[in-house]
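As provided, run.csv (CSV, C-alpha atoms and all ligand atoms) reads as follows.
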```csv
chain,number,residue,atom,x,y,z
A,1026,MET,CA,75.5,13.2,82.3
A,1027,TYR,CA,77.6,10.2,83.2
A,1028,ILE,CA,77.2,7.0,85.2
A,1029,THR,CA,78.3,7.6,88.8
A,1030,ASP,CA,77.2,4.5,90.7
A,1031,TYR,CA,75.4,1.2,90.7
A,1032,GLU,CA,73.9,-1.2,93.1
A,1033,LEU,CA,72.8,-4.9,92.8
A,1034,PHE,CA,69.9,-6.5,94.7
A,1035,GLU,CA,69.4,-10.3,94.9
A,1036,VAL,CA,65.7,-10.6,95.8
A,1037,PRO,CA,63.2,-13.4,96.1
A,1038,PRO,CA,62.0,-15.6,94.5
A,1039,ARG,CA,65.1,-15.8,92.3
A,1040,TRP,CA,65.7,-12.4,90.7
A,1041,LEU,CA,68.5,-9.8,90.5
A,1042,PHE,CA,67.9,-6.1,90.1
A,1043,LEU,CA,70.4,-3.5,89.0
A,1044,LYS,CA,70.1,0.2,89.8
A,1045,LEU,CA,72.3,2.7,87.8
A,1046,THR,CA,72.7,6.2,89.1
A,1047,THR,CA,73.9,9.2,87.0
A,1048,SER,CA,75.5,12.5,87.7
A,1049,ASP,CA,72.2,14.4,87.4
A,1050,GLY,CA,70.5,12.1,89.8
A,1051,THR,CA,68.5,10.1,87.3
A,1052,VAL,CA,68.1,6.4,88.1
A,1053,GLY,CA,67.6,3.4,85.8
A,1054,TRP,CA,66.7,-0.2,86.6
A,1055,GLY,CA,67.6,-3.4,84.9
A,1056,GLU,CA,67.2,-7.1,85.7
A,1057,PRO,CA,70.3,-9.1,84.8
A,1058,ILE,CA,69.5,-12.6,85.9
A,1059,VAL,CA,70.1,-16.3,85.2
A,1060,GLU,CA,67.7,-18.2,87.4
A,1061,GLY,CA,69.7,-20.1,90.0
A,1062,ARG,CA,73.0,-18.3,89.1
A,1063,SER,CA,72.5,-14.9,90.5
A,1064,HIS,CA,75.9,-14.7,92.3
A,1065,THR,CA,77.6,-15.5,89.0
A,1066,VAL,CA,75.8,-12.8,87.2
A,1067,VAL,CA,76.5,-10.3,90.0
A,1068,ALA,CA,80.2,-10.9,89.3
A,1069,ALA,CA,79.7,-10.4,85.6
A,1070,VAL,CA,77.8,-7.2,86.0
A,1071,GLU,CA,80.4,-5.8,88.5
A,1072,GLU,CA,83.1,-6.5,85.8
A,1073,LEU,CA,81.2,-4.5,83.2
A,1074,LEU,CA,80.6,-1.6,85.5
A,1075,ASP,CA,83.9,-1.4,87.3
A,1076,ASN,CA,86.1,-2.1,84.3
A,1077,TYR,CA,84.1,-0.1,81.7
A,1078,LEU,CA,80.8,1.7,82.3
A,1079,LEU,CA,81.3,3.8,85.4
A,1080,GLY,CA,82.1,7.4,84.3
A,1081,GLU,CA,80.6,6.8,80.8
A,1082,ASP,CA,77.8,8.8,79.2
A,1083,PRO,CA,74.8,6.5,79.4
A,1084,THR,CA,73.1,7.7,76.2
A,1085,ARG,CA,75.3,5.9,73.8
A,1086,ILE,CA,73.5,2.5,74.3
A,1087,GLU,CA,74.5,0.9,71.0
A,1088,ASP,CA,78.1,1.8,71.4
A,1089,HIS,CA,78.1,0.5,75.0
A,1090,TRP,CA,76.4,-2.7,73.9
A,1091,GLN,CA,79.1,-3.3,71.3
A,1092,ALA,CA,81.9,-2.5,73.7
A,1093,MET,CA,80.4,-4.8,76.4
A,1094,TYR,CA,79.9,-7.6,73.9
A,1095,ARG,CA,83.0,-7.4,71.8
A,1096,GLY,CA,85.3,-5.8,74.4
A,1097,GLY,CA,85.7,-9.0,76.5
A,1098,PHE,CA,86.9,-11.1,73.6
A,1099,TYR,CA,85.0,-14.1,75.1
A,1100,ARG,CA,81.3,-13.6,74.3
A,1101,GLY,CA,77.9,-15.1,74.3
A,1102,GLY,CA,76.3,-17.6,76.6
A,1103,PRO,CA,73.8,-17.1,79.5
A,1104,VAL,CA,76.0,-15.4,82.1
A,1105,LEU,CA,77.7,-12.8,79.9
A,1106,MET,CA,74.6,-12.0,77.8
A,1107,SER,CA,72.4,-11.7,80.9
A,1108,ALA,CA,74.8,-9.3,82.5
A,1109,ILE,CA,74.7,-7.2,79.3
A,1110,ALA,CA,70.9,-7.5,79.2
A,1111,GLY,CA,70.4,-6.0,82.7
A,1112,VAL,CA,72.8,-3.2,82.0
A,1113,ASP,CA,71.1,-2.5,78.6
A,1114,GLN,CA,67.6,-2.4,80.2
A,1115,ALA,CA,68.8,0.1,82.8
A,1116,LEU,CA,70.4,2.3,80.1
A,1117,TRP,CA,67.1,2.3,78.2
A,1118,ASP,CA,65.3,3.2,81.4
A,1119,LEU,CA,67.7,6.1,81.9
A,1120,LYS,CA,67.3,7.3,78.3
A,1121,GLY,CA,63.5,7.3,78.5
A,1122,LYS,CA,63.7,9.3,81.7
A,1123,GLN,CA,66.2,11.7,80.1
A,1124,PHE,CA,63.9,12.4,77.1
A,1125,GLY,CA,60.6,12.1,79.0
A,1126,ALA,CA,59.3,9.3,76.8
A,1127,PRO,CA,58.5,5.6,77.1
A,1128,VAL,CA,61.2,3.3,75.6
A,1129,HIS,CA,58.9,2.1,72.8
A,1130,GLU,CA,58.5,5.7,71.6
A,1131,LEU,CA,62.3,5.9,71.3
A,1132,LEU,CA,62.3,2.6,69.4
A,1133,GLY,CA,59.8,3.8,66.7
A,1134,GLY,CA,56.5,4.1,68.5
A,1135,ARG,CA,53.6,1.8,69.1
A,1136,ALA,CA,52.7,-1.0,66.7
A,1137,ARG,CA,49.8,-2.1,69.0
A,1138,ASN,CA,47.8,-0.7,72.0
A,1139,ARG,CA,48.1,-3.8,74.2
A,1140,ILE,CA,49.7,-7.2,74.1
A,1141,ARG,CA,48.1,-10.6,74.9
A,1142,VAL,CA,49.6,-12.5,77.8
A,1143,TYR,CA,49.6,-16.2,78.7
A,1144,GLN,CA,49.4,-17.8,82.1
A,1145,TRP,CA,51.2,-20.9,83.4
A,1146,ILE,CA,49.3,-23.8,84.8
A,1147,GLY,CA,50.9,-26.4,87.0
A,1148,GLY,CA,49.4,-29.7,88.2
A,1149,ASP,CA,50.5,-33.3,87.6
A,1150,ARG,CA,47.3,-35.2,87.3
A,1151,PRO,CA,44.7,-34.6,84.5
A,1152,ALA,CA,42.0,-33.6,87.0
A,1153,ASP,CA,44.3,-31.0,88.7
A,1154,VAL,CA,45.5,-29.5,85.5
A,1155,GLY,CA,41.9,-29.3,84.1
A,1156,ASP,CA,40.7,-27.4,87.2
A,1157,ALA,CA,43.7,-25.1,87.1
A,1158,ALA,CA,43.0,-24.3,83.5
A,1159,ARG,CA,39.4,-23.5,84.1
A,1160,GLU,CA,40.3,-21.3,87.0
A,1161,LYS,CA,42.7,-19.2,84.8
A,1162,VAL,CA,40.2,-18.9,82.0
A,1163,ASP,CA,37.6,-17.8,84.5
A,1164,ALA,CA,40.0,-15.1,85.6
A,1165,GLY,CA,40.1,-13.8,82.0
A,1166,PHE,CA,43.1,-15.5,80.4
A,1167,THR,CA,42.7,-16.7,76.9
A,1168,ALA,CA,46.0,-18.5,76.6
A,1169,LEU,CA,47.7,-21.0,78.9
A,1170,LYS,CA,51.0,-22.9,79.0
A,1171,MET,CA,51.7,-26.2,80.7
A,1172,ASN,CA,54.6,-28.6,80.9
A,1173,ALA,CA,54.3,-31.6,78.7
A,1174,THR,CA,55.9,-34.2,81.0
A,1175,ALA,CA,58.1,-34.6,84.0
A,1176,GLU,CA,61.3,-36.7,83.4
A,1177,LEU,CA,61.0,-39.0,80.4
A,1178,ARG,CA,63.3,-41.8,79.5
A,1179,PRO,CA,65.1,-41.4,76.1
A,1180,ILE,CA,62.9,-44.2,74.8
A,1181,ASP,CA,59.9,-44.6,77.0
A,1182,ASN,CA,56.8,-46.7,77.2
A,1183,PRO,CA,53.2,-46.0,75.9
A,1184,SER,CA,52.0,-44.8,79.3
A,1185,ALA,CA,54.5,-42.0,79.4
A,1186,VAL,CA,53.1,-40.8,76.1
A,1187,SER,CA,49.4,-41.3,77.0
A,1188,ASP,CA,49.9,-39.5,80.4
A,1189,ALA,CA,51.0,-36.4,78.5
A,1190,ALA,CA,48.1,-36.7,76.1
A,1191,ASP,CA,45.6,-37.2,79.0
A,1192,ARG,CA,46.8,-34.0,80.6
A,1193,ILE,CA,46.3,-31.8,77.6
A,1194,ALA,CA,43.1,-33.6,76.8
A,1195,ALA,CA,41.8,-32.6,80.3
A,1196,VAL,CA,42.8,-29.0,79.7
A,1197,ARG,CA,41.2,-28.9,76.2
A,1198,GLU,CA,38.1,-30.5,77.7
A,1199,ALA,CA,38.0,-27.9,80.5
A,1200,VAL,CA,38.5,-24.8,78.4
A,1201,GLY,CA,37.1,-25.5,74.9
A,1202,GLU,CA,38.4,-24.6,71.5
A,1203,GLU,CA,38.8,-20.9,71.9
A,1204,VAL,CA,41.6,-21.0,74.4
A,1205,ASP,CA,45.2,-21.4,73.3
A,1206,ILE,CA,47.3,-24.0,75.0
A,1207,GLY,CA,51.1,-23.9,74.8
A,1208,VAL,CA,53.0,-27.0,75.8
A,1209,ASP,CA,56.5,-26.7,77.1
A,1210,PHE,CA,58.7,-29.8,76.4
A,1211,HIS,CA,61.5,-28.0,78.4
A,1212,GLY,CA,64.2,-29.8,76.5
A,1213,ARG,CA,63.4,-32.9,78.5
A,1214,VAL,CA,62.5,-35.0,75.6
A,1215,SER,CA,64.7,-37.1,73.3
A,1216,LYS,CA,64.4,-36.9,69.5
A,1217,PRO,CA,62.4,-40.2,69.2
A,1218,MET,CA,60.1,-39.3,72.0
A,1219,VAL,CA,59.4,-35.8,70.5
A,1220,ARG,CA,58.0,-37.5,67.4
A,1221,ARG,CA,55.7,-39.8,69.5
A,1222,LEU,CA,54.6,-37.0,71.9
A,1223,ALA,CA,53.9,-34.5,69.1
A,1224,ALA,CA,51.7,-37.1,67.4
A,1225,ALA,CA,49.8,-37.8,70.6
A,1226,LEU,CA,49.3,-34.1,71.3
A,1227,GLU,CA,48.3,-33.1,67.8
A,1228,PRO,CA,44.6,-34.0,68.2
A,1229,TYR,CA,44.3,-31.4,71.0
A,1230,ASP,CA,45.7,-28.6,68.8
A,1231,PRO,CA,48.3,-27.1,71.0
A,1232,MET,CA,49.3,-23.4,70.2
A,1233,PHE,CA,52.9,-24.6,70.1
A,1234,ILE,CA,55.3,-27.1,71.5
A,1235,GLU,CA,58.2,-25.3,73.2
A,1236,GLU,CA,61.9,-26.5,73.3
A,1237,PRO,CA,60.9,-29.9,71.8
A,1238,VAL,CA,64.7,-30.5,72.0
A,1239,LEU,CA,67.5,-28.6,73.8
A,1240,PRO,CA,69.1,-25.8,71.7
A,1241,GLU,CA,72.2,-27.9,71.3
A,1242,HIS,CA,70.0,-30.1,69.1
A,1243,ASN,CA,68.6,-27.3,67.0
A,1244,ASP,CA,70.0,-29.0,63.9
A,1245,SER,CA,67.2,-31.6,64.3
A,1246,LEU,CA,64.4,-29.0,64.7
A,1247,ALA,CA,63.6,-28.6,61.0
A,1248,ALA,CA,62.9,-32.3,60.7
A,1249,ILE,CA,60.8,-32.2,63.8
A,1250,ARG,CA,58.8,-29.3,62.4
A,1251,GLU,CA,58.2,-31.3,59.2
A,1252,SER,CA,56.9,-34.2,61.2
A,1253,THR,CA,54.0,-32.3,62.9
A,1254,THR,CA,51.4,-29.6,62.2
A,1255,ILE,CA,51.9,-28.2,65.7
A,1256,PRO,CA,53.8,-24.9,65.6
A,1257,ILE,CA,57.4,-25.1,66.9
A,1258,ALA,CA,58.7,-22.7,69.5
A,1259,THR,CA,62.1,-22.3,71.1
A,1260,GLY,CA,64.6,-19.6,72.3
A,1261,GLU,CA,64.7,-19.1,76.0
A,1262,ARG,CA,68.2,-20.6,76.1
A,1263,MET,CA,69.5,-18.8,73.0
A,1264,TYR,CA,71.3,-15.6,73.7
A,1265,SER,CA,71.9,-13.5,70.6
A,1266,ARG,CA,71.2,-13.0,66.8
A,1267,TRP,CA,74.0,-15.4,66.2
A,1268,ASP,CA,72.4,-18.1,68.3
A,1269,PHE,CA,69.1,-17.6,66.4
A,1270,LYS,CA,70.3,-17.4,62.9
A,1271,GLU,CA,70.4,-21.2,62.3
A,1272,VAL,CA,66.8,-21.8,63.2
A,1273,PHE,CA,65.7,-19.1,60.7
A,1274,GLU,CA,67.9,-20.2,57.9
A,1275,THR,CA,66.8,-23.8,58.2
A,1276,ASP,CA,63.1,-22.9,58.5
A,1277,ALA,CA,63.0,-24.8,61.9
A,1278,VAL,CA,60.6,-22.6,64.0
A,1279,ASP,CA,57.3,-20.8,63.9
A,1280,LEU,CA,57.7,-18.8,67.1
A,1281,ILE,CA,60.8,-17.7,69.0
A,1282,GLN,CA,61.0,-17.0,72.7
A,1283,PRO,CA,64.0,-14.8,73.4
A,1284,ASP,CA,64.4,-13.6,77.0
A,1285,VAL,CA,65.0,-9.9,77.4
A,1286,SER,CA,67.1,-10.6,80.5
A,1287,HIS,CA,69.1,-13.4,78.9
A,1288,ALA,CA,69.5,-12.4,75.3
A,1289,GLY,CA,71.4,-9.1,75.5
A,1290,GLY,CA,68.5,-6.9,76.6
A,1291,ILE,CA,66.2,-4.6,74.7
A,1292,THR,CA,68.7,-3.6,72.1
A,1293,GLU,CA,69.4,-7.3,71.1
A,1294,MET,CA,65.8,-8.5,71.5
A,1295,LYS,CA,64.6,-5.9,69.0
A,1296,LYS,CA,67.2,-7.0,66.5
A,1297,ILE,CA,66.4,-10.7,67.0
A,1298,ALA,CA,62.7,-9.9,66.5
A,1299,SER,CA,63.4,-8.0,63.2
A,1300,MET,CA,65.4,-11.0,62.0
A,1301,ALA,CA,62.4,-13.2,62.8
A,1302,GLU,CA,60.1,-10.9,60.9
A,1303,ALA,CA,62.0,-11.4,57.8
A,1304,TYR,CA,61.4,-15.2,58.1
A,1305,ASP,CA,57.6,-14.9,59.0
A,1306,VAL,CA,58.4,-16.1,62.5
A,1307,SER,CA,56.5,-14.7,65.5
A,1308,VAL,CA,57.9,-13.6,68.8
A,1309,ALA,CA,56.6,-14.5,72.3
A,1310,PRO,CA,59.2,-13.2,74.8
A,1311,HIS,CA,60.1,-15.6,77.5
A,1312,CYS,CA,59.6,-14.0,81.0
A,1313,PRO,CA,59.1,-16.2,84.1
A,1314,LEU,CA,61.0,-13.3,85.8
A,1315,GLY,CA,60.5,-10.1,87.7
A,1316,PRO,CA,58.9,-6.7,87.0
A,1317,ILE,CA,61.8,-5.0,85.3
A,1318,ALA,CA,62.2,-7.9,82.8
A,1319,LEU,CA,58.4,-7.9,82.2
A,1320,ALA,CA,58.4,-4.1,81.6
A,1321,SER,CA,61.3,-4.4,79.2
A,1322,CYS,CA,59.5,-7.2,77.3
A,1323,ILE,CA,56.3,-5.1,77.0
A,1324,GLN,CA,58.4,-2.1,75.7
A,1325,VAL,CA,59.7,-4.4,72.9
A,1326,ASP,CA,56.2,-6.0,72.3
A,1327,ALA,CA,54.8,-2.5,71.9
A,1328,CYS,CA,56.9,-1.6,68.9
A,1329,THR,CA,57.4,-5.1,67.3
A,1330,PRO,CA,54.9,-6.0,64.6
A,1331,ASN,CA,55.5,-9.8,64.9
A,1332,ALA,CA,55.1,-9.9,68.7
A,1333,LEU,CA,52.4,-12.5,69.3
A,1334,ILE,CA,51.9,-13.0,73.0
A,1335,GLN,CA,53.8,-12.4,76.2
A,1336,GLU,CA,54.9,-14.8,79.0
A,1337,GLN,CA,54.6,-13.3,82.5
A,1338,SER,CA,54.9,-14.8,86.0
A,1339,LEU,CA,52.2,-13.2,88.1
A,1340,ASP,CA,50.8,-15.8,90.4
A,1341,ILE,CA,53.2,-18.4,89.0
A,1342,HIS,CA,53.4,-21.7,90.9
A,1343,TYR,CA,57.0,-21.5,92.0
A,1344,ASN,CA,56.7,-17.9,93.3
A,1345,GLU,CA,55.7,-18.8,96.8
A,1346,THR,CA,57.9,-16.1,98.4
A,1347,SER,CA,57.4,-13.0,96.2
A,1348,ASP,CA,55.4,-11.8,93.3
A,1349,VAL,CA,56.1,-9.5,90.4
A,1350,LEU,CA,53.8,-6.8,91.7
A,1351,ASP,CA,55.3,-6.7,95.2
A,1352,TYR,CA,58.2,-4.7,93.9
A,1353,LEU,CA,56.2,-1.9,92.2
A,1354,ALA,CA,55.1,1.4,93.7
A,1355,ASP,CA,52.1,1.3,91.4
A,1356,PRO,CA,51.2,-2.4,90.5
A,1357,SER,CA,48.2,-1.3,88.3
A,1358,VAL,CA,50.6,-0.9,85.4
A,1359,PHE,CA,50.5,-4.7,85.0
A,1360,GLU,CA,46.7,-5.1,85.3
A,1361,TYR,CA,45.3,-7.6,82.9
A,1362,HIS,CA,42.0,-7.1,81.0
A,1363,ASP,CA,40.5,-9.9,78.9
A,1364,GLY,CA,43.9,-11.6,78.9
A,1365,PHE,CA,45.7,-8.5,77.6
A,1366,VAL,CA,48.0,-5.9,79.3
A,1367,ASP,CA,48.0,-2.3,78.1
A,1368,ILE,CA,51.2,-0.8,76.9
A,1369,PRO,CA,52.4,1.5,79.7
A,1370,ASP,CA,52.9,5.2,78.8
A,1371,GLY,CA,55.3,6.2,81.7
A,1372,ASP,CA,58.8,7.4,80.9
A,1373,GLY,CA,61.6,4.8,80.4
A,1374,LEU,CA,60.5,1.2,81.2
A,1375,GLY,CA,57.1,2.6,82.5
A,1376,ILE,CA,57.4,1.2,86.0
A,1377,GLU,CA,58.3,2.7,89.3
A,1378,ILE,CA,60.3,0.4,91.6
A,1379,ASP,CA,59.4,0.3,95.3
A,1380,GLU,CA,63.0,0.7,96.4
A,1381,GLU,CA,62.2,0.4,100.0
A,1382,HIS,CA,60.6,-3.1,99.5
A,1383,VAL,CA,63.6,-4.1,97.3
A,1384,ARG,CA,66.0,-3.2,100.2
A,1385,GLU,CA,63.9,-5.0,102.7
A,1386,GLN,CA,63.8,-8.2,100.6
A,1387,ARG,CA,67.5,-8.0,99.6
A,1388,GLY,CA,69.4,-11.3,100.1
A,1389,ASN,CA,66.3,-13.2,101.1
A,1390,VAL,CA,66.8,-15.7,98.2
A,1391,ASP,CA,66.8,-19.5,98.4
A,1392,TRP,CA,66.1,-20.9,95.0
A,1393,HIS,CA,68.1,-23.6,93.2
A,1394,ASN,CA,67.5,-25.6,90.1
A,1395,PRO,CA,66.5,-29.1,91.2
A,1396,VAL,CA,68.4,-32.2,90.1
A,1397,TRP,CA,66.1,-34.8,88.7
A,1398,ARG,CA,67.1,-38.4,88.4
A,1399,HIS,CA,65.7,-41.4,86.5
A,1400,ASP,CA,64.7,-44.6,88.3
A,1401,ASP,CA,68.2,-46.0,87.9
A,1402,GLY,CA,69.8,-42.9,89.6
A,1403,SER,CA,71.1,-41.3,86.5
A,1404,VAL,CA,70.6,-37.6,86.0
A,1405,ALA,CA,67.6,-36.5,83.9
A,1406,GLU,CA,66.9,-33.1,82.2
A,1407,TRP,CA,64.5,-31.1,84.4
A,1501,LIG,O1,59.2,-21.4,79.7
A,1501,LIG,C1,59.4,-21.2,80.9
A,1501,LIG,O2,59.0,-20.2,81.5
A,1501,LIG,C2,60.3,-22.2,81.6
A,1501,LIG,O3,60.9,-23.1,80.7
A,1501,LIG,C3,61.3,-21.6,82.5
A,1501,LIG,O4,62.1,-20.8,81.7
A,1501,LIG,C4,62.2,-22.6,83.2
A,1501,LIG,O5,61.5,-23.3,84.0
A,1501,LIG,C5,63.4,-21.9,83.9
A,1501,LIG,O6,63.0,-20.9,84.7
A,1502,MG,MG,60.1,-22.9,78.7
```
Spell out the structure here as structure tokens.
Ligand SMILES: O=C(O)[C@@H](O)[C@H](O)[C@H](O)CO
Ligand SMILES: [Mg+2]
Amino acid sequence: MYITDYELFEVPPRWLFLKLTTSDGTVGWGEPIVEGRSHTVVAAVEELLDNYLLGEDPTRIEDHWQAMYRGGFYRGGPVLMSAIAGVDQALWDLKGKQFGAPVHELLGGRARNRIRVYQWIGGDRPADVGDAAREKVDAGFTALKMNATAELRPIDNPSAVSDAADRIAAVREAVGEEVDIGVDFHGRVSKPMVRRLAAALEPYDPMFIEEPVLPEHNDSLAAIRESTTIPIATGERMYSRWDFKEVFETDAVDLIQPDVSHAGGITEMKKIASMAEAYDVSVAPHCPLGPIALASCIQVDACTPNALIQEQSLDIHYNETSDVLDYLADPSVFEYHDGFVDIPDGDGLGIEIDEEHVREQRGNVDWHNPVWRHDDGSVAEW
């Protein structure tokens, strides 16, 4: 069996799907995406396929991973690692179909029967966010995630801090003590404001604060972790074991959030998770993405003892155009019960892509990262 062809599909809201075809007619799907940069990743995937992978035996995944990673000399970063990630997912999907087994069986078998999921809540005012939280808990979710703030000045006034505290207070009030609330700082917050915000949020017992600082400031994370009892999470903008090693070695995190479509795919995510296990760090895979990325995450969660909870983007606030389930021939594979999703037992990634729908939606993408500005016109983190 060898790889004969590939096709890429840019689809709404902001995703990119890869289809690999082999000489015996088996098809594998992957999701190589950087949100807002799909054309760039298309070019990177084309380079991997045209210059190396076409004509190769798809079963040698580790060898292909090494060749794709090391072979280019320049390595790492979101674009190259997301291209490798999507190819890697498609190779695992092919392997599962070849051996008639789910990917997690090939990776060692189940370490759990189901994985807990969390649900995003939007809303800017406390009342809105409280109502949104109640609605999701009524729908069965037991864990929620919200943004901490919109743009924040590097040194801001007391109301900026109290607004953030009021919002989580409204959520805690609405859902009680048995629901987990993650708070995403989104790398928007400067080091001094992290200390103030964390202190203000601490009384409401968040499950974690996420990206309290941007990954380029990970050298300050250990001190931030020392300054609060709130668990520290980060990782959606870290792309390999080599990017993660500093946060383990400096005891800077409690929870990592690698993205299976950004951090080198299933092969690399499993290794990152094993490194985390050695440091007593949990894993909550990042996934505001499409169905192939979510399926890939769940395959890793299934066989990873330190997987804690899974992000997913069903019914997420910015998916006005298209939802995860729209692309599946059988959406019941992602049905949630009591805030958990079952581990699928289908071959490969365990999903069947509705290719006709993918073709209909192809190219219908209009999503760009916004540019946020402070009052004085200067650019803010978003
Ligand atoms: O944790 C999350 O899901 C967010 O930080 C998203 O990754 C971000 O808005 C870019 O899509
Ligand atoms: Mg985030």
Can you tell me which residues sit at most 8 Å away from ligand MG 1502 (chain A), counting all atoms listed in the file, written as a short mmCIF file (atom, residue, chain, number, x, y, z; two decimals) with C-alpha atoms, keeping the file's coordinate frame?
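result-v9.cif, written as the output of this step:
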```cif
data_model
loop_
_atom_site.label_atom_id
_atom_site.label_comp_id
_atom_site.auth_asym_id
_atom_site.auth_seq_id
_atom_site.Cartn_x
_atom_site.Cartn_y
_atom_site.Cartn_z
CA ASP A 1209 56.50 -26.70 77.10
CA PHE A 1210 58.70 -29.80 76.40
CA HIS A 1211 61.50 -28.00 78.40
CA GLU A 1235 58.20 -25.30 73.20
CA GLU A 1236 61.90 -26.50 73.30
CA THR A 1259 62.10 -22.30 71.10
CA GLU A 1261 64.70 -19.10 76.00
CA HIS A 1311 60.10 -15.60 77.50
#
```
Surrounding residues as an mmCIF file with C-alpha atoms, keeping the file's coordinate frame, ligand LIG 1501 (chain A), max 10 Å, all atoms listed in the file:
```
data_model
loop_
_atom_site.group_PDB
_atom_site.id
_atom_site.type_symbol
_atom_site.label_atom_id
_atom_site.label_comp_id
_atom_site.auth_asym_id
_atom_site.auth_seq_id
_atom_site.Cartn_x
_atom_site.Cartn_y
_atom_site.Cartn_z
ATOM 1 C CA ARG A 1039 65.100 -15.800 92.300
ATOM 2 C CA VAL A 1059 70.100 -16.300 85.200
ATOM 3 C CA GLU A 1060 67.700 -18.200 87.400
ATOM 4 C CA GLY A 1061 69.700 -20.100 90.000
ATOM 5 C CA GLN A 1144 49.400 -17.800 82.100
ATOM 6 C CA TRP A 1145 51.200 -20.900 83.400
ATOM 7 C CA LYS A 1170 51.000 -22.900 79.000
ATOM 8 C CA MET A 1171 51.700 -26.200 80.700
ATOM 9 C CA ASN A 1172 54.600 -28.600 80.900
ATOM 10 C CA GLY A 1207 51.100 -23.900 74.800
ATOM 11 C CA VAL A 1208 53.000 -27.000 75.800
ATOM 12 C CA ASP A 1209 56.500 -26.700 77.100
ATOM 13 C CA PHE A 1210 58.700 -29.800 76.400
ATOM 14 C CA HIS A 1211 61.500 -28.000 78.400
ATOM 15 C CA GLY A 1212 64.200 -29.800 76.500
ATOM 16 C CA GLU A 1235 58.200 -25.300 73.200
ATOM 17 C CA GLU A 1236 61.900 -26.500 73.300
ATOM 18 C CA THR A 1259 62.100 -22.300 71.100
ATOM 19 C CA GLY A 1260 64.600 -19.600 72.300
ATOM 20 C CA GLU A 1261 64.700 -19.100 76.000
ATOM 21 C CA ARG A 1262 68.200 -20.600 76.100
ATOM 22 C CA GLN A 1282 61.000 -17.000 72.700
ATOM 23 C CA ASP A 1284 64.400 -13.600 77.000
ATOM 24 C CA PRO A 1310 59.200 -13.200 74.800
ATOM 25 C CA HIS A 1311 60.100 -15.600 77.500
ATOM 26 C CA CYS A 1312 59.600 -14.000 81.000
ATOM 27 C CA PRO A 1313 59.100 -16.200 84.100
ATOM 28 C CA LEU A 1314 61.000 -13.300 85.800
ATOM 29 C CA GLU A 1336 54.900 -14.800 79.000
ATOM 30 C CA GLN A 1337 54.600 -13.300 82.500
ATOM 31 C CA SER A 1338 54.900 -14.800 86.000
ATOM 32 C CA ILE A 1341 53.200 -18.400 89.000
ATOM 33 C CA TYR A 1343 57.000 -21.500 92.000
ATOM 34 C CA ASN A 1394 67.500 -25.600 90.100
ATOM 35 C CA TRP A 1407 64.500 -31.100 84.400
#
```
Distance CA of Leu1131 (chain A)-CA of Gly1290 (chain A), one decimal place?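 If I compute the distance from CA of Leu1131 (chain A) to CA of Gly1290 (chain A), I get 15.2 Å.
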Residue nearest Val1196 (chain A) - candidates A:Val1308, A:Val1272, A:Leu1222, A:Ile1146, atoms counted: all atoms listed in the file: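 Of A:Val1308, A:Val1272, A:Leu1222, A:Ile1146, the one nearest Val1196 (chain A) is A:Ile1146, counting all atoms listed in the file.
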Which residue is closest to Ala1258 (chain A)? Choose from A:Leu1333, A:Leu1319, A:Ala1185, A:Ala1190 and count only C-alpha atoms. A:Leu1333
For region 1350-1359 of chain A, where the input has fewer atoms than it should, I would like N, CA and C atoms rebuilt and written as a short mmCIF file (atom, residue, chain, number, x, y, z; two decimals), in the frame of the given file.
```cif
data_model
loop_
_atom_site.label_atom_id
_atom_site.label_comp_id
_atom_site.auth_asym_id
_atom_site.auth_seq_id
_atom_site.Cartn_x
_atom_site.Cartn_y
_atom_site.Cartn_z
N LEU A 1350 54.38 -8.11 91.34
CA LEU A 1350 53.80 -6.80 91.70
C LEU A 1350 54.29 -6.29 93.04
N ASP A 1351 54.86 -7.16 93.88
CA ASP A 1351 55.30 -6.70 95.20
C ASP A 1351 56.39 -5.62 95.09
N TYR A 1352 57.11 -5.59 93.98
CA TYR A 1352 58.20 -4.70 93.90
C TYR A 1352 57.88 -3.33 93.20
N LEU A 1353 56.60 -3.13 92.91
CA LEU A 1353 56.20 -1.90 92.20
C LEU A 1353 55.47 -0.94 93.08
N ALA A 1354 55.80 0.35 92.92
CA ALA A 1354 55.10 1.40 93.70
C ALA A 1354 53.65 1.48 93.20
N ASP A 1355 53.43 1.25 91.89
CA ASP A 1355 52.10 1.30 91.40
C ASP A 1355 51.82 0.01 90.52
N PRO A 1356 51.33 -1.07 91.17
CA PRO A 1356 51.20 -2.40 90.50
C PRO A 1356 50.12 -2.32 89.36
N SER A 1357 49.29 -1.27 89.30
CA SER A 1357 48.20 -1.30 88.30
C SER A 1357 48.76 -1.26 86.88
N VAL A 1358 50.04 -0.94 86.71
CA VAL A 1358 50.60 -0.90 85.40
C VAL A 1358 50.59 -2.31 84.73
N PHE A 1359 50.54 -3.36 85.54
CA PHE A 1359 50.50 -4.70 85.00
C PHE A 1359 49.07 -5.36 85.22
#
```
